[in-house]
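Novice: What follows is a single structure, and I will ask about it in a moment.
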Amino acid sequence: MSRHIQVTFDAHDPRALSSFWRDVLGYVHPGPPGVDLPEDADPLAAWDDFLARAGVPEGQRNTRSAIEDPDKRGPRLFFQQVPEDKVAKNRLHLDVRAAPGLRGEERMAALEAECDRFVALGATRVRRHEPAPPMSAGFIVMTDPEGNEFCLD
């Protein structure tokens, strides 16, 4: 039997980092437990209201956040606040598949377009790896706003 997974990120600012990854992946922030949100409602505002009603002090309301695949296919991503800085290269990273089925310059152009979009969201471009068939179709290494490395593939 296969298992569902959740990917957990340590973060200084869980809300901001989850919002970055929400926009990169097309995920959504789920609403608070027991709260039915209208389609046009802001789930982060609903969380603010929920946490205030629950008596959570304002300084503790950004200690965690989560995003989910609206199609229920991908893993849930959870973001938890930690005090320490990231000090070394990730031992695990995400590959964001942005050019499935494309090859050569068409693939790299699609990756470059997504790279520009991600940079506008707060990512940093690290380096581009050119296609080297048959082992690599080419990819772009990036970091998210908190320095976590990922590949645009």
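Quick note on naming: the chains in the structure tokens go A, B, ... in the order shown, residues restart at 1 in each chain, and ligands are numbered from 1 in order of appearance.
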Would you pick out the contacts of segment 60-70 of chain A at 12 Å or less, using only C-alpha atoms, so that residues sharing its chain but fewer than 5 positions from it are not included, and give the list as an MDAnalysis selection string?
Specialist: chainID A and resid 5:32 43:45 47:55 75:83
Novice: One decimal, Å: what's the distance from atom CA of Asp42 of chain A over to atom CA of Cys115 of chain A, could you say?
Specialist: 26.7 Å
Novice: Mind the document's chain letters and residue numbers, and return as number ranges by chain the residues of segment 5-132 of chain A that DSSP labels strand (DSSP E).
Specialist: A: 6-11, 64-67, 76-81, 94-96, 124-129
Novice: One number please: atom CA of Ala113 of chain A to atom CA of Leu94 of chain A, in Å, one decimal.
Specialist: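 So the answer is 18.5 Å.
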Novice: Write out as a PyMOL selection string all residues of segment 7-146 of chain A that DSSP puts in helix (DSSP H, G or I) for this structure's backbone.
Specialist: chain A and resi 14-25+43-53+58-60+104-121
Novice: How would the residues just chosen look if you wrote them out with C-alpha atoms as a CSV table (one decimal), in the first residue's frame?
Specialist:
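Produced file out_6.csv, reproduced below:
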```csv
chain,number,residue,atom,x,y,z
A,14,PRO,CA,5.8,30.4,7.6
A,15,ARG,CA,3.1,32.5,6.1
A,16,ALA,CA,5.3,34.3,3.6
A,17,LEU,CA,7.1,31.1,2.6
A,18,SER,CA,3.8,29.2,2.2
A,19,SER,CA,2.4,32.0,0.1
A,20,PHE,CA,5.5,31.8,-2.2
A,21,TRP,CA,5.2,28.1,-2.7
A,22,ARG,CA,1.4,28.4,-3.1
A,23,ASP,CA,2.0,30.7,-6.1
A,24,VAL,CA,4.8,28.6,-7.5
A,25,LEU,CA,2.8,25.3,-7.4
A,43,PRO,CA,-8.2,31.7,3.8
A,44,LEU,CA,-5.3,33.6,5.4
A,45,ALA,CA,-7.7,36.2,6.7
A,46,ALA,CA,-10.0,33.4,7.9
A,47,TRP,CA,-7.0,31.9,9.8
A,48,ASP,CA,-6.3,35.3,11.4
A,49,ASP,CA,-10.0,35.5,12.6
A,50,PHE,CA,-9.9,31.9,13.8
A,51,LEU,CA,-6.7,32.2,15.7
A,52,ALA,CA,-7.9,35.5,17.3
A,53,ARG,CA,-11.2,33.9,18.4
A,58,GLU,CA,-0.8,37.8,17.8
A,59,GLY,CA,2.9,37.1,18.1
A,60,GLN,CA,2.2,33.3,17.9
A,104,GLY,CA,15.9,21.4,-26.3
A,105,GLU,CA,15.4,25.2,-26.8
A,106,GLU,CA,11.7,24.9,-26.4
A,107,ARG,CA,12.1,23.3,-23.0
A,108,MET,CA,14.7,25.8,-21.9
A,109,ALA,CA,12.6,28.8,-23.0
A,110,ALA,CA,9.7,27.4,-21.0
A,111,LEU,CA,12.0,27.0,-17.9
A,112,GLU,CA,13.3,30.6,-18.4
A,113,ALA,CA,9.8,32.0,-18.5
A,114,GLU,CA,8.9,30.2,-15.3
A,115,CYS,CA,12.2,31.3,-13.8
A,116,ASP,CA,11.3,34.9,-14.4
A,117,ARG,CA,7.9,34.4,-12.8
A,118,PHE,CA,9.5,32.7,-9.7
A,119,VAL,CA,12.0,35.5,-9.4
A,120,ALA,CA,9.2,38.1,-9.4
A,121,LEU,CA,7.6,36.0,-6.5
```
Novice: I'd like to know which of A:Asp85, A:Gly101, A:Ala132, A:Val126 is closest to Glu146 of chain A, using only C-alpha atoms.
Specialist: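 When distances to Glu146 of chain A are compared using only C-alpha atoms, the smallest one comes from A:Asp85.
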Novice: Taking 3 positions as the minimum chain separation for residues in the same chain, which residues sit within 12 Å of Arg127 of chain A when counting only C-alpha atoms? Answer as a ChimeraX atom specification.
Specialist: /A:112,115,124,130,138-143,149-152
Novice: Could you please take those selected residues and save N, CA, C and O atoms as an mmCIF file, in the first residue's frame?
Specialist:
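Wrote selection_18.cif, looks like this:
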```cif
data_model
loop_
_atom_site.group_PDB
_atom_site.id
_atom_site.type_symbol
_atom_site.label_atom_id
_atom_site.label_comp_id
_atom_site.auth_asym_id
_atom_site.auth_seq_id
_atom_site.Cartn_x
_atom_site.Cartn_y
_atom_site.Cartn_z
ATOM 1 N N GLU A 112 12.907 29.182 -18.623
ATOM 2 C CA GLU A 112 13.301 30.579 -18.416
ATOM 3 C C GLU A 112 12.086 31.451 -18.090
ATOM 4 O O GLU A 112 12.163 32.338 -17.232
ATOM 5 N N CYS A 115 11.175 30.708 -14.607
ATOM 6 C CA CYS A 115 12.216 31.273 -13.759
ATOM 7 C C CYS A 115 11.944 32.758 -13.524
ATOM 8 O O CYS A 115 12.010 33.236 -12.380
ATOM 9 N N THR A 124 15.408 33.274 -6.074
ATOM 10 C CA THR A 124 16.694 33.702 -6.610
ATOM 11 C C THR A 124 17.183 32.651 -7.590
ATOM 12 O O THR A 124 17.158 31.454 -7.286
ATOM 13 N N GLU A 130 22.642 23.419 -18.995
ATOM 14 C CA GLU A 130 22.203 23.172 -20.366
ATOM 15 C C GLU A 130 21.859 21.690 -20.570
ATOM 16 O O GLU A 130 22.388 20.824 -19.869
ATOM 17 N N GLY A 138 18.225 19.408 -19.170
ATOM 18 C CA GLY A 138 18.479 20.795 -18.810
ATOM 19 C C GLY A 138 17.559 21.232 -17.677
ATOM 20 O O GLY A 138 16.427 20.768 -17.567
ATOM 21 N N PHE A 139 18.071 22.112 -16.814
ATOM 22 C CA PHE A 139 17.288 22.594 -15.674
ATOM 23 C C PHE A 139 17.909 23.876 -15.143
ATOM 24 O O PHE A 139 19.020 24.252 -15.513
ATOM 25 N N ILE A 140 17.170 24.549 -14.252
ATOM 26 C CA ILE A 140 17.636 25.781 -13.622
ATOM 27 C C ILE A 140 17.572 25.586 -12.110
ATOM 28 O O ILE A 140 16.526 25.205 -11.567
ATOM 29 N N VAL A 141 18.682 25.855 -11.430
ATOM 30 C CA VAL A 141 18.730 25.779 -9.966
ATOM 31 C C VAL A 141 18.326 27.137 -9.415
ATOM 32 O O VAL A 141 18.788 28.173 -9.893
ATOM 33 N N MET A 142 17.461 27.115 -8.397
ATOM 34 C CA MET A 142 16.956 28.344 -7.782
ATOM 35 C C MET A 142 16.917 28.170 -6.266
ATOM 36 O O MET A 142 17.062 27.055 -5.768
ATOM 37 N N THR A 143 16.691 29.271 -5.558
ATOM 38 C CA THR A 143 16.392 29.196 -4.128
ATOM 39 C C THR A 143 15.113 29.968 -3.856
ATOM 40 O O THR A 143 14.802 30.959 -4.534
ATOM 41 N N GLU A 149 17.112 25.479 -1.635
ATOM 42 C CA GLU A 149 17.382 25.202 -3.041
ATOM 43 C C GLU A 149 16.297 24.310 -3.633
ATOM 44 O O GLU A 149 15.803 23.397 -2.994
ATOM 45 N N PHE A 150 15.934 24.619 -4.894
ATOM 46 C CA PHE A 150 15.029 23.766 -5.663
ATOM 47 C C PHE A 150 15.421 23.858 -7.117
ATOM 48 O O PHE A 150 16.182 24.748 -7.512
ATOM 49 N N CYS A 151 14.965 22.908 -7.913
ATOM 50 C CA CYS A 151 15.277 22.904 -9.345
ATOM 51 C C CYS A 151 14.019 23.149 -10.145
ATOM 52 O O CYS A 151 12.968 22.574 -9.875
ATOM 53 N N LEU A 152 14.149 23.985 -11.145
ATOM 54 C CA LEU A 152 13.108 24.207 -12.137
ATOM 55 C C LEU A 152 13.447 23.271 -13.261
ATOM 56 O O LEU A 152 14.462 23.420 -13.934
#
```
